[in-house]
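Pasted below: my_file-v1.cif, mmCIF, C-alpha atoms.
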data_protein
#
loop_
_atom_site.group_PDB
_atom_site.id
_atom_site.type_symbol
_atom_site.label_atom_id
_atom_site.label_comp_id
_atom_site.auth_asym_id
_atom_site.auth_seq_id
_atom_site.Cartn_x
_atom_site.Cartn_y
_atom_site.Cartn_z
ATOM 1 C CA TYR A 1 4.418 11.321 35.413
ATOM 2 C CA LEU A 2 5.924 14.774 35.001
ATOM 3 C CA SER A 3 7.934 14.276 38.189
ATOM 4 C CA PHE A 4 10.045 11.514 36.605
ATOM 5 C CA ARG A 5 9.646 12.263 32.873
ATOM 6 C CA ASP A 6 13.085 13.903 32.605
ATOM 7 C CA LYS A 7 14.688 10.608 33.602
ATOM 8 C CA LEU A 8 13.258 9.022 30.429
ATOM 9 C CA THR A 9 15.207 11.229 28.038
ATOM 10 C CA SER A 10 17.300 8.314 26.780
ATOM 11 C CA ALA A 11 14.249 6.056 26.556
ATOM 12 C CA SER A 12 12.493 7.846 23.724
ATOM 13 C CA GLY A 13 10.847 5.837 20.967
ATOM 14 C CA PHE A 14 13.816 6.930 18.867
ATOM 15 C CA GLN A 15 15.904 4.489 20.898
ATOM 16 C CA SER A 16 13.539 1.562 20.267
ATOM 17 C CA ALA A 17 15.830 -0.867 18.450
ATOM 18 C CA GLY A 18 13.116 -3.515 18.275
ATOM 19 C CA LEU A 19 10.685 -1.216 16.459
ATOM 20 C CA ARG A 20 13.406 -0.093 14.057
ATOM 21 C CA GLU A 21 14.231 -3.720 13.242
ATOM 22 C CA ILE A 22 10.600 -4.494 12.445
ATOM 23 C CA GLU A 23 10.350 -1.417 10.225
ATOM 24 C CA ILE A 24 13.557 -2.278 8.357
ATOM 25 C CA LEU A 25 12.602 -5.919 7.804
ATOM 26 C CA ALA A 26 9.178 -4.808 6.611
ATOM 27 C CA GLY A 27 10.792 -2.432 4.120
ATOM 28 C CA LEU A 28 10.477 1.112 5.462
ATOM 29 C CA ARG A 29 13.224 3.064 3.676
ATOM 30 C CA GLU A 30 15.456 5.714 5.215
ATOM 31 C CA ALA A 31 14.372 8.155 2.476
ATOM 32 C CA ASP A 32 10.738 7.816 3.590
ATOM 33 C CA ARG A 33 11.421 8.542 7.253
ATOM 34 C CA ILE A 34 10.448 11.819 8.878
ATOM 35 C CA PRO A 35 13.557 13.795 9.937
ATOM 36 C CA LEU A 36 14.157 13.502 13.672
ATOM 37 C CA GLY A 37 15.692 16.926 14.154
ATOM 38 C CA LYS A 38 18.794 17.111 16.317
ATOM 39 C CA GLU A 39 19.536 13.386 15.922
ATOM 40 C CA GLY A 40 19.653 13.695 12.126
ATOM 41 C CA SER A 41 19.154 9.969 11.582
ATOM 42 C CA TYR A 42 17.409 7.232 13.523
ATOM 43 C CA LEU A 43 20.712 5.317 13.465
ATOM 44 C CA THR A 44 22.409 8.212 15.261
ATOM 45 C CA ALA A 45 19.688 8.169 17.890
ATOM 46 C CA LEU A 46 20.507 4.543 18.663
ATOM 47 C CA LYS A 47 24.184 5.229 19.421
ATOM 48 C CA ASN A 48 25.699 5.988 22.818
ATOM 49 C CA PRO A 49 25.614 9.642 23.970
ATOM 50 C CA ASP A 50 29.291 10.026 22.989
ATOM 51 C CA GLY A 51 28.530 8.892 19.435
ATOM 52 C CA SER A 52 30.055 5.441 19.748
ATOM 53 C CA GLU A 53 28.233 2.340 18.565
ATOM 54 C CA SER A 54 25.852 0.732 21.021
ATOM 55 C CA PRO A 55 24.475 -2.825 20.994
ATOM 56 C CA ALA A 56 21.226 -1.365 19.648
ATOM 57 C CA SER A 57 22.860 0.564 16.798
ATOM 58 C CA ARG A 58 24.965 -2.442 15.792
ATOM 59 C CA ARG A 59 21.932 -4.724 15.842
ATOM 60 C CA VAL A 60 19.776 -2.380 13.793
ATOM 61 C CA GLY A 61 22.651 -1.613 11.405
ATOM 62 C CA ALA A 62 23.026 -5.325 10.687
ATOM 63 C CA ARG A 63 19.354 -5.504 9.728
ATOM 64 C CA LEU A 64 19.971 -3.129 6.830
ATOM 65 C CA SER A 65 21.772 -5.897 4.955
ATOM 66 C CA ASP A 66 19.049 -8.454 5.703
ATOM 67 C CA THR A 67 17.429 -8.449 2.282
ATOM 68 C CA PRO A 68 15.110 -8.764 0.529
ATOM 69 C CA THR A 69 12.737 -6.875 2.772
ATOM 70 C CA LEU A 70 9.126 -7.975 3.072
ATOM 71 C CA ILE A 71 7.843 -5.329 0.669
ATOM 72 C CA GLU A 72 10.546 -6.192 -1.889
ATOM 73 C CA ALA A 73 9.632 -9.879 -1.721
ATOM 74 C CA VAL A 74 5.918 -9.095 -2.024
ATOM 75 C CA ARG A 75 6.435 -6.868 -5.049
ATOM 76 C CA ASP A 76 8.629 -9.456 -6.752
ATOM 77 C CA TRP A 77 5.935 -12.067 -6.128
ATOM 78 C CA LEU A 78 3.164 -9.837 -7.457
ATOM 79 C CA PHE A 79 5.218 -9.026 -10.544
ATOM 80 C CA ARG A 80 5.491 -12.756 -11.323
ATOM 81 C CA THR A 81 1.780 -13.394 -10.745
ATOM 82 C CA PRO A 82 0.043 -14.721 -13.897
ATOM 83 C CA ILE A 83 -2.597 -12.277 -15.146
ATOM 84 C CA GLU A 84 -5.216 -13.976 -17.307
ATOM 85 C CA GLY A 85 -2.769 -16.844 -17.719
ATOM 86 C CA SER A 86 0.123 -14.615 -18.798
ATOM 87 C CA ASP A 87 3.385 -14.246 -16.878
ATOM 88 C CA PRO A 88 6.453 -12.033 -17.492
ATOM 89 C CA SER A 89 8.332 -14.852 -19.225
ATOM 90 C CA LEU A 90 5.909 -14.857 -22.162
ATOM 91 C CA PRO A 91 6.761 -12.684 -25.187
ATOM 92 C CA ASP A 92 3.405 -10.898 -25.311
ATOM 93 C CA ASP A 93 2.967 -10.401 -21.573
ATOM 94 C CA ARG A 94 2.979 -6.597 -21.870
ATOM 95 C CA GLU A 95 0.131 -6.729 -24.358
ATOM 96 C CA ALA A 96 -1.812 -9.195 -22.197
ATOM 97 C CA VAL A 97 -1.485 -6.991 -19.124
ATOM 98 C CA LYS A 98 -2.393 -3.904 -21.132
ATOM 99 C CA ARG A 99 -5.540 -5.618 -22.473
ATOM 100 C CA PHE A 100 -6.597 -6.629 -18.975
ATOM 101 C CA LEU A 101 -6.061 -3.128 -17.596
ATOM 102 C CA GLU A 102 -7.937 -1.502 -20.463
ATOM 103 C CA ARG A 103 -10.890 -3.843 -20.046
ATOM 104 C CA TYR A 104 -10.885 -3.338 -16.291
ATOM 105 C CA ALA A 105 -10.650 0.454 -16.644
ATOM 106 C CA THR A 106 -13.666 0.360 -18.958
ATOM 107 C CA SER A 107 -15.606 -1.694 -16.408
ATOM 108 C CA PHE A 108 -14.573 0.649 -13.608
ATOM 109 C CA THR A 109 -15.744 3.632 -15.665
ATOM 110 C CA GLU A 110 -19.116 1.974 -16.197
ATOM 111 C CA ALA A 111 -19.505 1.201 -12.481
ATOM 112 C CA ALA A 112 -18.432 4.707 -11.440
ATOM 113 C CA THR A 113 -20.806 6.271 -13.963
ATOM 114 C CA GLN A 114 -23.733 4.281 -12.615
ATOM 115 C CA ALA A 115 -22.786 5.295 -9.069
ATOM 116 C CA ARG A 116 -22.648 8.939 -10.191
ATOM 117 C CA LEU A 117 -26.081 8.790 -11.800
ATOM 118 C CA LEU A 118 -27.518 7.293 -8.632
ATOM 119 C CA ALA A 119 -25.907 10.001 -6.508
ATOM 120 C CA GLU A 120 -27.053 12.755 -8.857
ATOM 121 C CA ALA A 121 -30.630 11.513 -8.598
ATOM 122 C CA HIS A 122 -30.549 12.460 -4.919
ATOM 123 C CA ALA A 123 -28.755 15.787 -5.407
ATOM 124 C CA ARG A 124 -30.740 18.815 -4.276
ATOM 125 C CA THR A 125 -29.164 21.550 -6.366
ATOM 126 C CA PRO A 126 -27.420 21.931 -9.749
ATOM 127 C CA GLU A 127 -24.263 22.784 -7.806
ATOM 128 C CA ASP A 128 -24.452 19.448 -6.003
ATOM 129 C CA ARG A 129 -24.828 17.606 -9.300
ATOM 130 C CA GLU A 130 -21.841 19.409 -10.776
ATOM 131 C CA ARG A 131 -19.766 18.656 -7.690
ATOM 132 C CA LEU A 132 -20.673 14.969 -7.925
ATOM 133 C CA ARG A 133 -19.916 14.833 -11.637
ATOM 134 C CA ASN A 134 -16.473 16.352 -11.096
ATOM 135 C CA ARG A 135 -15.767 14.023 -8.196
ATOM 136 C CA TYR A 136 -16.604 10.852 -10.130
ATOM 137 C CA GLU A 137 -14.764 12.030 -13.238
ATOM 138 C CA LYS A 138 -11.692 12.637 -11.106
ATOM 139 C CA GLU A 139 -12.098 9.180 -9.558
ATOM 140 C CA ILE A 140 -12.141 7.584 -13.018
ATOM 141 C CA GLU A 141 -9.077 9.534 -14.132
ATOM 142 C CA ASN A 142 -7.203 8.677 -10.913
ATOM 143 C CA ALA A 143 -7.972 4.987 -11.453
ATOM 144 C CA ARG A 144 -6.459 4.998 -14.930
ATOM 145 C CA SER A 145 -3.451 6.980 -13.751
ATOM 146 C CA PHE A 146 -2.834 4.495 -10.931
ATOM 147 C CA LEU A 147 -3.173 1.406 -13.121
ATOM 148 C CA GLU A 148 -0.866 2.868 -15.781
ATOM 149 C CA ALA A 149 1.638 3.923 -13.080
ATOM 150 C CA ARG A 150 1.865 7.466 -14.430
ATOM 151 C CA ASP A 151 3.254 8.543 -11.051
ATOM 152 C CA VAL A 152 6.578 6.675 -11.516
ATOM 153 C CA GLU A 153 9.517 7.056 -13.881
ATOM 154 C CA GLU A 154 8.997 5.595 -17.335
ATOM 155 C CA LYS A 155 11.728 2.970 -16.940
ATOM 156 C CA GLU A 156 9.860 1.500 -13.941
ATOM 157 C CA ARG A 157 6.359 2.108 -15.262
ATOM 158 C CA PHE A 158 5.583 -1.357 -16.634
ATOM 159 C CA ARG A 159 6.928 -3.154 -13.564
ATOM 160 C CA ILE A 160 4.869 -1.051 -11.144
ATOM 161 C CA SER A 161 1.826 -1.193 -13.415
ATOM 162 C CA ARG A 162 2.059 -4.980 -13.537
ATOM 163 C CA ILE A 163 2.391 -5.206 -9.753
ATOM 164 C CA ARG A 164 -0.735 -3.082 -9.337
ATOM 165 C CA ALA A 165 -2.567 -5.087 -11.999
ATOM 166 C CA ALA A 166 -1.681 -8.323 -10.187
ATOM 167 C CA ALA A 167 -2.958 -7.031 -6.851
ATOM 168 C CA LEU A 168 -6.187 -5.906 -8.512
ATOM 169 C CA PHE A 169 -6.484 -9.208 -10.382
ATOM 170 C CA ILE A 170 -6.103 -11.268 -7.204
ATOM 171 C CA GLU A 171 -8.668 -9.192 -5.306
ATOM 172 C CA SER A 172 -11.187 -9.116 -8.167
ATOM 173 C CA TYR A 173 -11.112 -12.842 -8.984
ATOM 174 C CA ARG A 174 -10.261 -14.151 -5.522
ATOM 175 C CA GLU A 175 -12.924 -16.885 -5.627
ATOM 176 C CA LEU A 176 -11.042 -18.790 -8.328
ATOM 177 C CA PRO A 177 -9.227 -21.814 -6.823
ATOM 178 C CA LEU A 178 -5.727 -20.781 -7.887
ATOM 179 C CA LEU A 179 -6.200 -17.262 -6.490
ATOM 180 C CA ALA A 180 -7.651 -18.237 -3.117
ATOM 181 C CA TRP A 181 -4.342 -18.560 -1.274
ATOM 182 C CA PRO A 182 -2.714 -15.486 -2.902
ATOM 183 C CA ARG A 183 -5.711 -13.482 -1.723
ATOM 184 C CA GLU A 184 -5.197 -14.842 1.806
ATOM 185 C CA ILE A 185 -1.605 -13.584 1.684
ATOM 186 C CA VAL A 186 -2.672 -10.163 0.420
ATOM 187 C CA ASP A 187 -5.318 -9.894 3.118
ATOM 188 C CA ALA A 188 -2.821 -10.928 5.811
ATOM 189 C CA LEU A 189 -0.373 -8.229 4.647
ATOM 190 C CA VAL A 190 -3.102 -5.595 4.793
ATOM 191 C CA SER A 191 -4.091 -6.796 8.277
ATOM 192 C CA PHE A 192 -0.457 -6.586 9.387
ATOM 193 C CA GLU A 193 -0.146 -3.013 8.213
ATOM 194 C CA GLN A 194 -3.528 -2.073 9.637
ATOM 195 C CA ALA A 195 -2.392 -3.327 13.043
ATOM 196 C CA PHE A 196 0.828 -1.318 12.700
ATOM 197 C CA VAL A 197 -1.064 1.876 11.812
ATOM 198 C CA ILE A 198 -3.482 1.359 14.718
ATOM 199 C CA PHE A 199 -0.509 0.851 17.045
ATOM 200 C CA ARG A 200 0.996 4.170 15.918
ATOM 201 C CA GLN A 201 -2.327 5.986 16.270
ATOM 202 C CA ARG A 202 -2.948 4.599 19.756
ATOM 203 C CA HIS A 203 0.594 5.499 20.748
ATOM 204 C CA ALA A 204 -0.022 9.073 19.609
ATOM 205 C CA ARG A 205 -3.286 9.332 21.556
ATOM 206 C CA MET A 206 -1.661 7.878 24.676
ATOM 207 C CA VAL A 207 1.151 10.433 24.445
ATOM 208 C CA GLU A 208 -1.321 13.271 23.874
ATOM 209 C CA ARG A 209 -3.314 12.149 26.891
ATOM 210 C CA MET A 210 -0.204 12.121 29.090
ATOM 211 C CA ILE A 211 1.787 15.179 27.959
ATOM 212 C CA GLY A 212 -0.433 17.015 25.500
ATOM 213 C CA ARG A 213 1.337 18.518 22.508
ATOM 214 C CA ARG A 214 4.561 19.556 24.142
ATOM 215 C CA THR A 215 7.972 18.561 22.795
ATOM 216 C CA GLY A 216 8.545 14.816 22.814
ATOM 217 C CA THR A 217 10.871 13.030 25.240
ATOM 218 C CA GLY A 218 13.541 12.566 22.575
ATOM 219 C CA GLY A 219 13.254 16.154 21.335
ATOM 220 C CA SER A 220 10.788 15.429 18.521
ATOM 221 C CA ALA A 221 7.597 17.352 17.740
ATOM 222 C CA GLY A 222 5.831 14.917 20.051
ATOM 223 C CA VAL A 223 2.272 14.047 19.071
ATOM 224 C CA ASP A 224 2.568 15.848 15.741
ATOM 225 C CA TYR A 225 5.538 13.634 14.839
ATOM 226 C CA LEU A 226 3.709 10.465 15.911
ATOM 227 C CA ASP A 227 0.610 11.409 13.911
ATOM 228 C CA GLN A 228 2.788 11.911 10.832
ATOM 229 C CA THR A 229 4.315 8.450 11.183
ATOM 230 C CA ALA A 230 0.834 6.887 11.219
ATOM 231 C CA LEU A 231 -0.002 8.698 7.973
ATOM 232 C CA LYS A 232 3.312 8.465 6.123
ATOM 233 C CA TYR A 233 4.916 5.178 7.175
ATOM 234 C CA ARG A 234 2.978 2.893 4.843
ATOM 235 C CA LEU A 235 4.470 -0.255 3.332
ATOM 236 C CA PHE A 236 1.879 -1.654 0.934
ATOM 237 C CA PRO A 237 0.262 1.312 -0.847
ATOM 238 C CA GLU A 238 -0.704 -0.807 -3.865
ATOM 239 C CA LEU A 239 -2.611 -3.307 -1.741
ATOM 240 C CA TRP A 240 -4.593 -0.522 -0.116
ATOM 241 C CA ALA A 241 -5.149 1.488 -3.286
ATOM 242 C CA VAL A 242 -6.722 -1.357 -5.256
ATOM 243 C CA ARG A 243 -9.627 -1.351 -2.814
ATOM 244 C CA SER A 244 -10.681 1.952 -4.342
ATOM 245 C CA LEU A 245 -10.844 0.250 -7.748
ATOM 246 C CA LEU A 246 -12.851 -2.862 -6.903
ATOM 247 C CA VAL A 247 -16.226 -3.145 -8.644
ATOM 248 C CA ASP A 248 -19.377 -5.153 -8.120
ATOM 249 C CA ARG A 249 -19.109 -8.628 -9.623
ATOM 250 C CA LYS A 250 -21.642 -7.770 -12.326
ATOM 251 C CA TYR A 251 -19.203 -5.207 -13.762
ATOM 252 C CA LEU A 252 -16.132 -7.478 -13.798
ATOM 253 C CA PRO A 253 -14.751 -8.196 -17.276
ATOM 254 C CA GLU A 254 -15.122 -11.813 -18.326
ATOM 255 C CA LEU A 255 -11.867 -13.552 -17.547
ATOM 256 C CA GLU A 256 -9.692 -14.746 -20.415
ATOM 257 C CA HIS A 257 -8.034 -18.165 -19.984
ATOM 258 C CA SER A 258 -10.110 -18.840 -16.882
ATOM 259 C CA GLU A 259 -9.207 -22.538 -17.103
ATOM 260 C CA PHE A 260 -5.694 -21.627 -15.941
ATOM 261 C CA TYR A 261 -7.085 -20.770 -12.497
ATOM 262 C CA GLY A 262 -8.995 -23.992 -11.896
ATOM 263 C CA PHE A 263 -8.070 -26.876 -9.633
ATOM 264 C CA SER A 264 -6.063 -28.571 -12.400
ATOM 265 C CA SER A 265 -4.217 -25.633 -13.877
ATOM 266 C CA LYS A 266 -1.881 -26.022 -16.816
ATOM 267 C CA PRO A 267 0.911 -23.638 -17.824
ATOM 268 C CA PRO A 268 -0.281 -21.106 -20.400
ATOM 269 C CA SER A 269 0.682 -21.925 -23.963
ATOM 270 C CA LYS A 270 3.452 -19.899 -25.595
ATOM 271 C CA ARG A 271 1.534 -17.259 -27.459
#
Final structure tokens representation of the file:
Amino acid sequence: YLSFRDKLTSASGFQSAGLREIEILAGLREADRIPLGKEGSYLTALKNPDGSESPASRRVGARLSDTPTLIEAVRDWLFRTPIEGSDPSLPDDREAVKRFLERYATSFTEAATQARLLAEAHARTPEDRERLRNRYEKEIENARSFLEARDVEEKERFRISRIRAAALFIESYRELPLLAWPREIVDALVSFEQAFVIFRQRHARMVERMIGRRTGTGGSAGVDYLDQTALKYRLFPELWAVRSLLVDRKYLPELEHSEFYGFSSKPPSKR
């Protein structure tokens, strides 16, 4: 392999127009990309050596205007998802979402507390019990912070909070008839991203097996760069994060307006 590796300089993964197109259509933003180094931008890497446009750079450039991306469409859909029969068009939707999140956070706290007590019962030292207490308390606080979208700017906070609430709502009550197919979509999106992450991880291990941790063909950090893409290039963080918040069915809050999610659903009344 080393005898002909130098001839692959222009065939680095940086020049993979097909992969770039998939990433763009899925919704990976330029701001979230890891800097490539001497190329500066992945679009530059796709151009001819003299800096002129190539078929690959033109094709990928055209994809940038192909909107909405998958993640944008998914988030718009989740934002519109009725939560306990309430949708964004209703005047008291904010209050309805807030009530659901507060009730769910209380249930999550109860479930996490019971899990902590069970873990503490098997702790061997006072230090272990203290460590467990701190860990579960942090888990409860992180759950509330995530659901309230404290990590985003205030002007976007309700939108992101509602998107996260919808994802959690679909996963938690997925056995209801009206939520069965949305849950299938959510699960398919997670499977898609899981396959993408596995592809990146396997690529990194294949490269490490062939050339170790030397500089990559295109001048990147090689395996270190590839490992970073597997960790950082994530499209559906909300769909993954809600799995940390799911609780046993016995802790789920009783659903308000459950009739809305039956086989013969009716639009929620104007409250």
Box time for stretch 195-214 of chain A: axis-aligned, enclosing all its listed atoms, 4 Å extra on each side; report centre and edge lengths in Å to one decimal, as AutoDock Vina command-line options.
--center_x 0.5 --center_y 8.1 --center_z 20.5 --size_x 16.0 --size_y 30.9 --size_z 25.3
Which one is closest to A:Trp77: A:Arg209, A:Pro126, A:Pro182, A:Phe169? Count all atoms listed in the file.
A:Pro182
Within 9 Å of stretch 144-153 of chain A using only C-alpha atoms, minus same-chain residues under 2 positions, as a VMD selection string
chain A and resid 98 101 to 102 105 139 to 142 155 to 162 164 to 165 241
If you count only C-alpha atoms, which residues fall within 9 Å of A:Leu2, apart from same-chain ones fewer than 4 positions away, as a ChimeraX atom specification?
/A:6,210-211
Residues from last step as file, C-alpha atoms, as an mmCIF file, in the coordinates of the input:
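Contents of part.cif, freshly written:
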data_model
loop_
_atom_site.group_PDB
_atom_site.id
_atom_site.type_symbol
_atom_site.label_atom_id
_atom_site.label_comp_id
_atom_site.auth_asym_id
_atom_site.auth_seq_id
_atom_site.Cartn_x
_atom_site.Cartn_y
_atom_site.Cartn_z
ATOM 1 C CA ASP A 6 13.085 13.903 32.605
ATOM 2 C CA MET A 210 -0.204 12.121 29.090
ATOM 3 C CA ILE A 211 1.787 15.179 27.959
#
Under the PyMOL selection byres ((chain A and resi 258) around 12), which residues of this model are included? Write them out as an MDAnalysis selection string.
chainID A and resid 82:86 173 175:179 253:257 259:266 268
